[in-house]
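Here's coords36.cif, which has mmCIF, C-alpha atoms:
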data_input
#
loop_
_atom_site.label_atom_id
_atom_site.label_comp_id
_atom_site.auth_asym_id
_atom_site.auth_seq_id
_atom_site.Cartn_x
_atom_site.Cartn_y
_atom_site.Cartn_z
CA MET A 1 0.00 0.00 0.00
CA ASN A 2 1.68 3.12 -1.18
CA LEU A 3 0.09 6.23 0.22
CA MET A 4 2.62 8.60 -1.28
CA PHE A 5 1.12 8.45 -4.76
CA SER A 6 -2.45 7.78 -3.74
CA SER A 7 -3.94 10.48 -5.95
CA GLY A 8 -3.85 10.06 -9.71
CA PRO A 9 -2.11 7.32 -11.69
CA SER A 10 0.82 5.37 -10.20
CA LEU A 11 4.39 6.44 -10.84
CA PRO A 12 5.25 3.92 -13.61
CA ASN A 13 2.01 4.84 -15.37
CA ARG A 14 2.85 8.51 -15.08
CA LEU A 15 6.26 7.84 -16.57
CA ALA A 16 4.77 5.86 -19.45
CA LEU A 17 2.27 8.64 -20.10
CA ALA A 18 4.93 11.38 -19.95
CA LEU A 19 7.35 9.51 -22.22
CA LEU A 20 4.60 8.75 -24.71
CA LEU A 21 3.56 12.40 -24.71
CA SER A 22 7.20 13.50 -25.15
CA VAL A 23 7.78 11.18 -28.08
CA SER A 24 4.57 12.28 -29.79
CA LEU A 25 5.56 15.92 -29.22
CA ILE A 26 8.98 15.29 -30.77
CA VAL A 27 7.42 13.62 -33.79
CA PHE A 28 4.72 16.29 -34.07
CA ASP A 29 7.22 19.13 -33.76
CA HIS A 30 10.03 17.73 -35.88
CA LYS A 31 8.37 15.69 -38.60
CA PHE A 32 5.25 17.76 -39.16
CA ASP A 33 6.52 21.12 -37.91
CA GLY A 34 3.33 21.31 -35.88
CA PHE A 35 4.34 24.17 -33.61
CA GLY A 36 4.84 26.79 -36.34
CA THR A 37 2.62 29.50 -34.90
CA THR A 38 2.13 28.10 -31.40
CA ARG A 39 5.84 28.44 -30.82
CA VAL A 40 5.60 32.22 -31.25
CA TYR A 41 3.17 32.37 -28.32
CA LEU A 42 5.15 29.86 -26.27
CA ASN A 43 8.34 31.84 -26.85
CA SER A 44 6.58 35.06 -25.83
CA LEU A 45 5.30 33.28 -22.74
CA VAL A 46 8.77 32.32 -21.50
CA SER A 47 10.53 35.52 -22.62
CA PRO A 48 10.31 37.04 -19.09
CA LEU A 49 12.68 34.26 -18.00
CA GLN A 50 15.08 35.23 -20.78
CA TYR A 51 14.97 38.88 -19.76
CA LEU A 52 15.59 37.81 -16.17
CA ALA A 53 18.59 35.68 -17.19
CA ASN A 54 19.96 38.56 -19.20
CA LEU A 55 19.65 41.05 -16.34
CA PRO A 56 22.98 40.43 -14.51
CA GLY A 57 24.96 40.87 -17.73
CA GLN A 58 23.04 44.01 -18.57
CA LEU A 59 23.60 45.48 -15.10
CA LEU A 60 27.29 44.73 -15.42
CA ASN A 61 27.40 46.45 -18.81
CA ALA A 62 25.44 49.43 -17.48
CA SER A 63 27.76 49.90 -14.51
CA ALA A 64 30.80 49.46 -16.75
CA SER A 65 29.57 52.18 -19.10
CA ARG A 66 28.79 54.45 -16.15
CA PHE A 67 32.32 54.29 -14.82
CA VAL A 68 34.11 55.05 -18.05
CA SER A 69 36.87 57.60 -17.59
CA HIS A 70 36.68 61.04 -19.14
CA GLU A 71 39.91 60.49 -21.00
CA ARG A 72 38.69 57.25 -22.54
CA LEU A 73 35.50 58.92 -23.77
CA PHE A 74 37.53 61.76 -25.20
CA ASN A 75 39.82 59.33 -27.06
CA ASP A 76 36.89 57.26 -28.30
CA ASN A 77 35.17 60.37 -29.57
CA ALA A 78 38.28 61.52 -31.42
CA LYS A 79 38.70 58.09 -33.00
CA LEU A 80 35.04 57.86 -34.04
CA THR A 81 35.10 61.35 -35.59
CA HIS A 82 38.19 60.32 -37.51
CA ASP A 83 36.53 57.07 -38.65
CA ALA A 84 33.33 58.87 -39.66
CA MET A 85 35.40 61.28 -41.73
CA LEU A 86 37.11 58.44 -43.60
CA MET A 87 33.82 56.58 -44.06
CA ASN A 88 32.12 59.66 -45.46
CA ALA A 89 34.93 60.13 -47.93
CA GLN A 90 34.46 56.54 -49.10
CA LEU A 91 30.69 57.01 -49.18
CA GLN A 92 31.03 59.85 -51.67
CA ARG A 93 32.79 57.45 -54.01
CA LEU A 94 30.21 54.76 -53.26
CA THR A 95 27.16 56.72 -54.46
CA PHE A 96 29.00 57.52 -57.67
CA LEU A 97 30.05 53.90 -58.14
CA ARG A 98 26.56 52.60 -57.36
CA GLU A 99 25.00 54.86 -59.96
CA GLU A 100 27.58 53.80 -62.48
CA ASN A 101 27.02 50.15 -61.61
CA ASP A 102 23.25 50.50 -61.98
CA ARG A 103 23.72 52.19 -65.34
CA LEU A 104 25.99 49.40 -66.54
CA ARG A 105 23.60 46.75 -65.24
CA SER A 106 20.66 48.33 -67.05
CA LEU A 107 22.78 48.41 -70.22
CA LEU A 108 23.37 44.69 -69.80
CA ASN A 109 19.65 44.12 -69.13
CA SER A 110 20.42 42.53 -65.77
CA PRO A 111 18.29 43.45 -62.74
CA VAL A 112 19.39 46.45 -60.75
CA GLN A 113 20.50 45.53 -57.24
CA ASP A 114 18.00 45.86 -54.44
CA ASN A 115 18.18 48.52 -51.86
CA THR A 116 18.01 47.08 -48.38
CA ARG A 117 16.65 48.38 -45.12
CA LYS A 118 18.66 47.66 -42.01
CA VAL A 119 17.82 47.61 -38.32
CA VAL A 120 20.32 47.24 -35.52
CA ALA A 121 19.49 44.50 -33.04
CA GLU A 122 21.24 43.62 -29.83
CA LEU A 123 22.24 40.19 -28.58
CA MET A 124 20.08 39.03 -25.68
CA ALA A 125 21.19 35.50 -24.96
CA VAL A 126 23.41 32.80 -26.33
CA ASP A 127 21.99 29.32 -26.09
CA ASN A 128 24.00 26.98 -23.99
CA ASN A 129 22.58 24.02 -25.83
CA PRO A 130 25.84 22.41 -27.00
CA TYR A 131 24.25 20.62 -29.93
CA SER A 132 23.12 23.65 -31.85
CA HIS A 133 24.31 27.20 -32.27
CA GLN A 134 21.53 29.69 -31.76
CA ILE A 135 21.32 33.16 -30.28
CA VAL A 136 18.41 35.32 -29.16
CA ILE A 137 18.15 38.95 -30.27
CA ASN A 138 15.98 41.77 -28.94
CA LYS A 139 13.85 42.40 -32.03
CA GLY A 140 10.70 40.44 -32.76
CA ALA A 141 7.46 40.31 -34.68
CA ILE A 142 6.44 43.83 -33.59
CA ASN A 143 9.59 45.13 -35.34
CA GLY A 144 8.65 43.28 -38.53
CA VAL A 145 11.16 40.46 -38.15
CA PHE A 146 10.21 37.39 -40.21
CA GLU A 147 11.39 33.80 -40.39
CA GLY A 148 14.32 33.27 -42.73
CA GLN A 149 15.50 36.87 -42.47
CA PRO A 150 19.27 37.33 -42.94
CA VAL A 151 21.29 38.55 -39.93
CA LEU A 152 24.72 40.19 -40.23
CA ASP A 153 27.31 41.78 -38.03
CA ASP A 154 29.76 44.49 -39.07
CA LYS A 155 32.11 41.92 -40.64
CA GLY A 156 29.89 39.43 -42.42
CA ILE A 157 26.94 37.08 -42.40
CA VAL A 158 25.96 35.65 -39.01
CA GLY A 159 22.88 33.54 -39.74
CA GLN A 160 19.17 33.65 -40.32
CA ILE A 161 16.07 34.09 -38.18
CA MET A 162 14.73 30.73 -37.11
CA GLN A 163 11.86 31.53 -34.74
CA VAL A 164 10.08 34.79 -34.11
CA SER A 165 8.28 35.76 -30.93
CA SER A 166 6.61 39.09 -30.25
CA THR A 167 9.55 41.00 -28.79
CA ASN A 168 12.55 38.81 -29.49
CA SER A 169 13.63 36.20 -31.97
CA ARG A 170 16.01 33.31 -32.35
CA VAL A 171 18.86 33.28 -34.87
CA LEU A 172 20.38 30.11 -36.31
CA LEU A 173 24.10 30.72 -36.81
CA ILE A 174 25.93 29.67 -39.99
CA ALA A 175 28.12 27.39 -37.85
CA ASP A 176 25.17 25.18 -36.86
CA VAL A 177 25.27 21.64 -38.27
CA THR A 178 21.84 22.01 -39.82
CA HIS A 179 22.74 25.20 -41.66
CA ALA A 180 24.14 25.62 -45.16
CA ILE A 181 24.62 28.73 -47.28
CA PRO A 182 25.32 29.07 -51.01
CA VAL A 183 28.46 31.11 -51.70
CA ARG A 184 30.86 32.02 -54.46
CA VAL A 185 34.58 32.62 -54.35
CA ALA A 186 35.29 36.36 -54.62
CA ARG A 187 38.35 35.75 -56.82
CA ASN A 188 36.85 33.62 -59.58
CA ASN A 189 33.11 33.14 -58.94
CA VAL A 190 33.34 29.39 -58.31
CA ARG A 191 30.05 28.43 -56.67
CA LEU A 192 30.09 26.38 -53.46
CA VAL A 193 27.88 25.45 -50.53
CA VAL A 194 29.24 26.14 -47.05
CA SER A 195 27.72 24.15 -44.23
CA GLY A 196 28.19 24.41 -40.49
CA SER A 197 30.41 21.98 -38.62
CA GLY A 198 28.96 22.38 -35.11
CA SER A 199 32.07 24.23 -33.98
CA LEU A 200 31.80 28.02 -33.84
CA ASN A 201 34.93 28.86 -35.80
CA GLU A 202 34.90 26.22 -38.48
CA LEU A 203 32.75 25.69 -41.54
CA ILE A 204 32.87 22.76 -43.95
CA ILE A 205 32.64 22.99 -47.73
CA GLN A 206 31.32 19.75 -49.11
CA HIS A 207 31.39 18.19 -52.56
CA VAL A 208 34.35 20.13 -53.95
CA ALA A 209 36.03 18.52 -56.97
CA HIS A 210 39.81 17.99 -56.68
CA SER A 211 40.36 20.11 -59.76
CA SER A 212 38.41 23.17 -58.59
CA ASP A 213 40.43 26.36 -58.36
CA LEU A 214 40.51 27.16 -54.65
CA LYS A 215 43.32 28.55 -52.54
CA VAL A 216 43.81 28.94 -48.82
CA GLY A 217 42.77 32.50 -47.93
CA ASP A 218 40.09 32.81 -50.61
CA VAL A 219 37.17 34.94 -49.46
CA LEU A 220 33.71 33.44 -49.92
CA LEU A 221 30.80 35.81 -50.58
CA SER A 222 27.13 34.93 -50.37
CA SER A 223 25.91 34.18 -53.88
CA GLY A 224 22.27 35.15 -53.44
CA LEU A 225 21.13 31.77 -54.76
CA GLY A 226 18.56 30.18 -52.47
CA ASN A 227 16.83 33.54 -51.93
CA VAL A 228 17.59 33.78 -48.23
CA TYR A 229 20.77 35.80 -48.10
CA PRO A 230 21.38 38.87 -50.28
CA GLU A 231 24.23 38.67 -52.73
CA GLY A 232 27.77 39.79 -52.05
CA TYR A 233 28.18 39.74 -48.27
CA PRO A 234 31.33 38.08 -46.89
CA VAL A 235 30.75 34.67 -45.27
CA ALA A 236 34.05 32.90 -44.68
CA THR A 237 37.70 32.54 -45.65
CA ILE A 238 39.18 29.18 -46.65
CA THR A 239 41.62 27.89 -44.04
CA SER A 240 42.65 24.46 -45.28
CA ILE A 241 42.35 22.35 -48.39
CA ILE A 242 43.26 18.65 -48.34
CA ARG A 243 43.37 17.14 -51.81
CA ASP A 244 43.51 13.43 -51.00
CA GLU A 245 42.99 11.66 -54.33
CA SER A 246 41.79 8.49 -52.62
CA ARG A 247 38.68 10.33 -51.50
CA PRO A 248 35.90 11.35 -53.88
CA PHE A 249 36.06 15.04 -52.96
CA ALA A 250 38.61 17.48 -51.63
CA GLN A 251 38.21 18.34 -47.95
CA VAL A 252 37.90 22.08 -47.61
CA ARG A 253 37.47 23.95 -44.32
CA ALA A 254 36.75 27.61 -43.81
CA LYS A 255 36.54 30.10 -40.97
CA PRO A 256 33.53 32.43 -40.64
CA ILE A 257 34.37 36.10 -41.14
CA ALA A 258 31.74 37.28 -38.66
CA GLN A 259 33.02 36.81 -35.11
CA LEU A 260 30.38 34.35 -34.01
CA ASP A 261 31.77 33.95 -30.51
CA ARG A 262 31.73 37.64 -29.65
CA LEU A 263 28.55 39.02 -31.17
CA LYS A 264 27.03 42.12 -29.61
CA TYR A 265 25.27 44.27 -32.20
CA LEU A 266 23.67 42.68 -35.22
CA LEU A 267 22.05 43.96 -38.40
CA LEU A 268 18.73 42.72 -39.68
CA LEU A 269 18.17 43.11 -43.42
CA TRP A 270 14.97 43.73 -45.32
CA SER A 271 15.49 43.56 -49.06
CA GLU A 272 13.15 45.40 -51.41
CA ARG A 273 11.64 42.10 -52.47
CA THR A 274 10.63 41.07 -48.95
CA LEU A 275 9.33 44.57 -48.27
CA GLU A 276 7.01 44.31 -51.24
CA GLU A 277 5.86 40.85 -50.22
CA ALA A 278 4.93 41.99 -46.75
CA PRO A 279 3.78 45.61 -46.99
CA LYS A 280 1.63 45.28 -43.87
CA THR A 281 4.50 44.74 -41.46
CA GLU A 282 5.85 48.01 -40.27
CA VAL A 283 9.57 48.43 -40.71
CA THR A 284 11.38 50.88 -38.52
CA GLY A 285 14.56 51.87 -40.26
CA LYS A 286 17.51 53.41 -38.49
CA MET B 287 0.01 33.75 0.81
CA SER B 288 3.40 32.87 2.23
CA ILE B 289 6.60 31.84 0.50
CA ARG B 290 6.04 28.26 1.69
CA HIS B 291 3.59 27.66 -1.13
CA TYR B 292 5.89 28.99 -3.82
CA ALA B 293 9.29 27.81 -2.58
CA ILE B 294 9.52 24.79 -4.86
CA ALA B 295 8.26 26.65 -7.93
CA LEU B 296 10.59 29.56 -7.16
CA SER B 297 13.62 27.28 -6.87
CA ILE B 298 12.77 25.70 -10.24
CA VAL B 299 12.41 29.13 -11.86
CA ILE B 300 15.80 30.19 -10.47
CA ALA B 301 17.31 26.96 -11.82
CA LEU B 302 15.80 27.68 -15.26
CA VAL B 303 17.27 31.19 -15.23
CA LEU B 304 20.70 29.84 -14.22
CA GLN B 305 20.43 27.27 -17.00
CA ILE B 306 19.94 29.87 -19.73
CA MET B 307 22.02 32.72 -18.31
CA PRO B 308 24.56 33.97 -20.89
CA MET B 309 28.11 33.04 -19.89
CA PRO B 310 31.52 33.29 -21.52
CA ALA B 311 32.20 30.42 -23.91
CA ILE B 312 34.85 28.83 -21.67
CA ALA B 313 32.62 28.71 -18.57
CA ASP B 314 29.64 27.66 -20.64
CA LEU B 315 31.17 24.25 -21.27
CA TYR B 316 31.17 23.42 -17.55
CA ARG B 317 27.69 24.70 -16.73
CA PRO B 318 26.02 22.18 -14.39
CA ASP B 319 22.52 20.90 -15.20
CA TRP B 320 20.88 23.25 -12.70
CA VAL B 321 17.32 22.27 -13.48
CA LEU B 322 18.06 18.56 -13.20
CA LEU B 323 19.86 19.08 -9.87
CA VAL B 324 17.07 21.12 -8.29
CA LEU B 325 14.38 18.71 -9.49
CA SER B 326 16.49 15.79 -8.23
CA TYR B 327 16.66 17.31 -4.78
CA TRP B 328 12.91 17.84 -4.58
CA ALA B 329 12.23 14.38 -6.00
CA LEU B 330 14.35 12.86 -3.23
CA ALA B 331 13.01 15.10 -0.47
CA LEU B 332 9.34 15.39 -1.39
CA PRO B 333 8.57 12.66 -3.96
CA ASN B 334 4.85 13.09 -3.33
CA LYS B 335 4.99 16.70 -4.55
CA VAL B 336 7.69 16.67 -7.21
CA ASN B 337 7.86 13.71 -9.54
CA VAL B 338 7.30 12.86 -13.18
CA GLY B 339 4.54 15.44 -13.79
CA VAL B 340 6.59 18.43 -12.64
CA ALA B 341 9.61 17.05 -14.51
CA PHE B 342 7.57 16.86 -17.70
CA ILE B 343 6.35 20.46 -17.50
CA THR B 344 9.78 21.80 -16.54
CA GLY B 345 11.32 19.84 -19.41
CA LEU B 346 8.88 21.40 -21.85
CA ILE B 347 9.74 24.92 -20.61
CA LEU B 348 13.42 24.03 -21.03
CA ASP B 349 12.69 22.91 -24.60
CA ILE B 350 11.10 26.25 -25.42
CA LEU B 351 13.91 28.20 -23.74
CA LEU B 352 16.68 26.28 -25.45
CA GLY B 353 14.99 26.09 -28.84
CA THR B 354 15.17 22.29 -29.11
CA SER B 355 12.35 20.21 -30.55
CA MET B 356 9.46 20.04 -28.11
CA GLY B 357 9.69 16.95 -25.95
CA VAL B 358 13.45 16.29 -25.98
CA HIS B 359 14.27 17.67 -22.56
CA SER B 360 10.96 16.56 -21.05
CA PHE B 361 11.69 12.98 -22.14
CA ALA B 362 15.13 12.91 -20.52
CA MET B 363 13.97 14.78 -17.42
CA CYS B 364 11.00 12.43 -16.80
CA LEU B 365 13.22 9.38 -17.13
CA CYS B 366 15.83 10.66 -14.66
CA ILE B 367 13.31 11.93 -12.09
CA TYR B 368 11.44 8.63 -12.32
CA VAL B 369 14.60 6.72 -11.41
CA LEU B 370 15.18 8.99 -8.42
CA ALA B 371 11.55 9.05 -7.27
CA THR B 372 11.27 5.25 -7.26
CA ASN B 373 14.48 4.84 -5.24
CA TYR B 374 14.11 7.83 -2.92
CA LYS B 375 14.04 5.78 0.29
CA ARG B 376 17.37 4.13 -0.45
CA LEU B 377 19.04 7.26 -1.84
CA ARG B 378 18.06 9.38 1.16
CA ASN B 379 20.12 7.16 3.45
CA TYR B 380 23.28 7.56 1.42
CA SER B 381 25.89 10.06 2.49
CA VAL B 382 26.00 13.24 0.43
CA TRP B 383 29.17 12.03 -1.38
CA GLN B 384 27.53 8.77 -2.39
CA GLN B 385 24.53 10.76 -3.57
CA SER B 386 26.88 12.90 -5.58
CA ILE B 387 28.06 9.83 -7.49
CA ILE B 388 24.47 8.74 -8.09
CA ILE B 389 23.70 12.26 -9.35
CA GLY B 390 26.68 11.93 -11.70
CA VAL B 391 25.22 8.73 -13.13
CA ILE B 392 21.81 10.39 -13.48
CA ALA B 393 23.34 13.46 -15.16
CA ALA B 394 25.23 11.17 -17.55
CA LEU B 395 21.96 9.41 -18.37
CA TYR B 396 20.23 12.78 -18.84
CA ASN B 397 22.92 14.15 -21.16
CA SER B 398 23.23 10.98 -23.19
CA VAL B 399 19.46 10.65 -23.64
CA ILE B 400 19.33 14.25 -24.87
CA PHE B 401 22.29 13.64 -27.16
CA TRP B 402 20.71 10.47 -28.49
CA LEU B 403 17.35 12.15 -29.20
CA GLN B 404 19.07 15.12 -30.86
CA HIS B 405 21.17 12.69 -32.86
CA LEU B 406 18.01 11.08 -34.21
CA ILE B 407 16.61 14.49 -35.19
CA THR B 408 19.73 16.16 -36.61
CA ASP B 409 23.03 14.49 -37.47
CA ILE B 410 25.22 15.85 -34.71
CA TYR B 411 28.26 13.84 -33.70
CA PHE B 412 29.53 13.15 -30.23
CA LEU B 413 32.22 15.23 -28.53
CA PHE B 414 33.54 14.41 -25.07
CA ASP B 415 33.04 18.06 -24.16
CA TYR B 416 29.32 17.29 -23.96
CA LEU B 417 29.97 15.31 -20.76
CA TRP B 418 31.56 18.15 -18.76
CA PRO B 419 28.19 19.07 -17.17
CA VAL B 420 28.20 15.61 -15.54
CA ALA B 421 31.40 16.42 -13.65
CA SER B 422 30.30 19.93 -12.68
CA SER B 423 26.89 18.65 -11.54
CA MET B 424 28.63 16.14 -9.26
CA VAL B 425 30.77 18.90 -7.77
CA ILE B 426 27.82 21.26 -7.24
CA TRP B 427 25.47 18.64 -5.74
CA PRO B 428 26.70 18.62 -2.09
CA TRP B 429 26.48 22.40 -1.85
CA LEU B 430 23.09 22.58 -3.56
CA PHE B 431 21.84 19.74 -1.35
CA TRP B 432 22.95 21.62 1.77
CA LEU B 433 21.37 24.88 0.60
CA LEU B 434 18.03 23.39 -0.45
CA ARG B 435 17.81 21.27 2.72
CA LYS B 436 18.37 24.38 4.79
CA ILE B 437 15.61 26.18 2.89
CA ARG B 438 13.28 23.20 3.20
CA ARG B 439 13.82 22.92 6.98
CA GLN B 440 13.47 26.64 7.48
CA LEU B 441 10.12 26.67 5.68
CA ARG B 442 9.09 23.31 7.14
CA LEU B 443 8.15 21.85 3.76
CA HIS B 444 7.12 18.23 3.93
#
Please express what this file holds, its structure, as structure tokens.
Amino acid sequence: MNLMFSSGPSLPNRLALALLLSVSLIVFDHKFDGFGTTRVYLNSLVSPLQYLANLPGQLLNASASRFVSHERLFNDNAKLTHDAMLMNAQLQRLTFLREENDRLRSLLNSPVQDNTRKVVAELMAVDNNPYSHQIVINKGAINGVFEGQPVLDDKGIVGQIMQVSSTNSRVLLIADVTHAIPVRVARNNVRLVVSGSGSLNELIIQHVAHSSDLKVGDVLLSSGLGNVYPEGYPVATITSIIRDESRPFAQVRAKPIAQLDRLKYLLLLWSERTLEEAPKTEVTGK
Amino acid sequence: MSIRHYAIALSIVIALVLQIMPMPAIADLYRPDWVLLVLSYWALALPNKVNVGVAFITGLILDILLGTSMGVHSFAMCLCIYVLATNYKRLRNYSVWQQSIIIGVIAALYNSVIFWLQHLITDIYFLFDYLWPVASSMVIWPWLFWLLRKIRRQLRLH
């Protein structure tokens, strides 16, 4: 006679029920993608916990920025003014070059490149789930973020939006094992597919013929094929090529250009195409 | 009313926050399974209040927080808490160091079940780094046990 579990089903039955429910949830979620919209609400429901977990780091940052010395601020300001000056000088050239490029493209009857809208997002949390590389950012559905949206940092491509909740969203990094991105080599336009390796600073390039013209140090740019990432943003640099003729393909490894382990500010991109597709969602540009 | 009614829930919420708190990449590797540890304590101390049902719900919240497929963490959590809840009488009589070893075994089971389920879903491969939480959970257990027992006795939860 076990009085401890007198109410409700017995413990083994509870276990059987819970395991059965878990397995059916896994199948429902993974195979049929059954939580597409529910997950938005579920994510919004638990987001207070995420904000709570983020609080100590934020407080630390806030106190650190409060106690910055006058001299440091002065130096930073001088450096930033200097940088802005140089950037502006380059920007003058850029508008001229872009106009020229558009003119040449229209002469060649190829489509003129899209203008993109950008929004700065801030990193909220890094998942400690060792099996996948995801981060949470502080922009969500109310900012017009959508699933599959490209995310960049100041160096290169970081990943794409995987799940959206109302005030924050989850980004799948390019280093995740389930992620792959079409690229081309900047030097000679060889097209490749870069997939994640599960380690933050290594990417794998699969199915490369032994004869393909690749060198260590080649920069890989997003090719725009696949319609997720816009064309021409840096993704990775090739770090090693092993041409072992006994294997069907060369083994090529690359290192992401974006610093995936020290992300802080991120850029969300809206291309003209996605803006036209979703005119209802309000986009707040910065 | 009083904190007595919320103490268990509050401790689980704190464990969830500790589980997802952003940490530097080096420390992240050794993060103990906070949620599993706290649930283990309650399952040993008050198996009539905390058992498979609570483990299932907490596991689901963990799934949402960590962005894994729904059901992965709840599966592993239910299994581990079941093992503890069925053997609570024996485990209570062990010294805290012996318990720590048992917790290590349970944490190893927990991590390998999660790895195995994730392996079925996506093709991840095994790294020994994935087992560091087992070691850190074993180290944390005596201190967590002492703290939670103190809280439980103070609030007279039984």
Using all atoms listed in the file and a distance of at most 6 Å, pull out the residues of chain A that contact chain B, as a ChimeraX atom specification.
/A:4,19,22,25-26,53,125-126
Residue IDs satisfying the PyMOL selection byres ((chain B and resi 374) around 8), as a PyMOL selection string:
chain B and resi 329-331+333+370-373+375-378
Mind running region 68-124 of chain A against region 158-168 of chain A at 10 Å and telling me each contacting residue's nearest atom pair with the distance in Å (one decimal), counting all atoms listed in the file, chain and number ascending, as JSON lines?
{"residue": "A:Ala121", "atom": "CA", "partner": "A:Asn168", "partner_atom": "CA", "distance": 9.7}
{"residue": "A:Glu122", "atom": "CA", "partner": "A:Asn168", "partner_atom": "CA", "distance": 9.9}
{"residue": "A:Leu123", "atom": "CA", "partner": "A:Asn168", "partner_atom": "CA", "distance": 9.8}
{"residue": "A:Met124", "atom": "CA", "partner": "A:Asn168", "partner_atom": "CA", "distance": 8.4}
The selected residues should be written to file as a PDB file, keeping the file's coordinate frame (atoms: C-alpha atoms).
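Below you can see selection_21.pdb, which holds the result:
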ATOM      1  CA  ALA A 121      19.490  44.500 -33.040  1.00  0.00           C
ATOM      2  CA  GLU A 122      21.240  43.620 -29.830  1.00  0.00           C
ATOM      3  CA  LEU A 123      22.240  40.190 -28.580  1.00  0.00           C
ATOM      4  CA  MET A 124      20.080  39.030 -25.680  1.00  0.00           C
TER       5      MET A 124
END
Any chance you could resolve the PyMOL selection byres ((chain A and resi 229) around 12) against this file and give the residues as number ranges by chain?
A: 116, 148-152, 156-161, 174, 180-183, 221-228, 230-235, 268-271, 273-274
For Ile289 (chain B), work out the shell of residues within 12 Å, counting all atoms listed in the file and skipping chain neighbours fewer than 6 positions away, then give it as a PyMOL selection string.
chain B and resi 295-297+437-438+440-443
Determine the nearest neighbour of His179 (chain A) from the options A:Arg72, A:His133, A:Lys139, A:Lys155, counting all atoms listed in the file.
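Smallest separation from His179 (chain A) among the options: A:His133.
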Quick one: everything within 10 Å of region 209-211 of chain A, counting only C-alpha atoms, minus sequence neighbours fewer than 4 positions away in the same chain. Send it as a ChimeraX atom specification.
/A:241-245,247-251
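Computed from the coordinates, the CA of Ile388 (chain B) to CA of Val420 (chain B) distance equals 10.8 Å.
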Just the residues within 10 Å of Pro419 (chain B), please, counting all atoms listed in the file, with nothing from its chain fewer than 5 positions along; format it as a PDB file with C-alpha atoms, in the frame of the given file.
ATOM      1  CA  ASP B 314      29.640  27.660 -20.640  1.00  0.00           C
ATOM      2  CA  LEU B 315      31.170  24.250 -21.270  1.00  0.00           C
ATOM      3  CA  TYR B 316      31.170  23.420 -17.550  1.00  0.00           C
ATOM      4  CA  ARG B 317      27.690  24.700 -16.730  1.00  0.00           C
ATOM      5  CA  PRO B 318      26.020  22.180 -14.390  1.00  0.00           C
ATOM      6  CA  ASP B 319      22.520  20.900 -15.200  1.00  0.00           C
ATOM      7  CA  TRP B 320      20.880  23.250 -12.700  1.00  0.00           C
ATOM      8  CA  GLY B 390      26.680  11.930 -11.700  1.00  0.00           C
ATOM      9  CA  ALA B 393      23.340  13.460 -15.160  1.00  0.00           C
ATOM     10  CA  ALA B 394      25.230  11.170 -17.550  1.00  0.00           C
ATOM     11  CA  ASN B 397      22.920  14.150 -21.160  1.00  0.00           C
ATOM     12  CA  MET B 424      28.630  16.140  -9.260  1.00  0.00           C
ATOM     13  CA  VAL B 425      30.770  18.900  -7.770  1.00  0.00           C
TER      14      VAL B 425
END
Return as JSON the centre and edge lengths, in Å with one decimal, of the box along x, y and z that encloses every atom of region 215-219 of chain A in the file, padded by 5 Å per side.
{"center_x": 40.5, "center_y": 31.7, "center_z": -50.2, "size_x": 16.6, "size_y": 16.4, "size_z": 14.6}
What lies within 7 Å of region 190-204 of chain A using all atoms listed in the file, ignoring chain neighbours under 3 positions off, as a count of residues only?
20
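The two atoms in question, CA of Leu322 (chain B) and CA of Cys366 (chain B), are spaced 8.3 Å apart.
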Separation of CA of Ser423 (chain B) from CA of Ile387 (chain B), in Å and rounded to one decimal:
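Value for the CA of Ser423 (chain B)-CA of Ile387 (chain B) distance: 9.8 Å.
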To verify the selection step, state as a PyMOL selection string which residues the PyMOL selection byres ((chain A and resi 134) around 7) yields on this input.
chain A and resi 126-127+132-133+135-136+170-173
Write a file of the just-selected residues containing C-alpha atoms, as a JSON list (two decimals), in the frame of the given file.
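The resulting file, part-v3.json, is shown below:
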[["chain", "number", "residue", "atom", "x", "y", "z"],
["A", 126, "VAL", "CA", 23.41, 32.80, -26.33],
["A", 127, "ASP", "CA", 21.99, 29.32, -26.09],
["A", 132, "SER", "CA", 23.12, 23.65, -31.85],
["A", 133, "HIS", "CA", 24.31, 27.20, -32.27],
["A", 135, "ILE", "CA", 21.32, 33.16, -30.28],
["A", 136, "VAL", "CA", 18.41, 35.32, -29.16],
["A", 170, "ARG", "CA", 16.01, 33.31, -32.35],
["A", 171, "VAL", "CA", 18.86, 33.28, -34.87],
["A", 172, "LEU", "CA", 20.38, 30.11, -36.31],
["A", 173, "LEU", "CA", 24.10, 30.72, -36.81]]
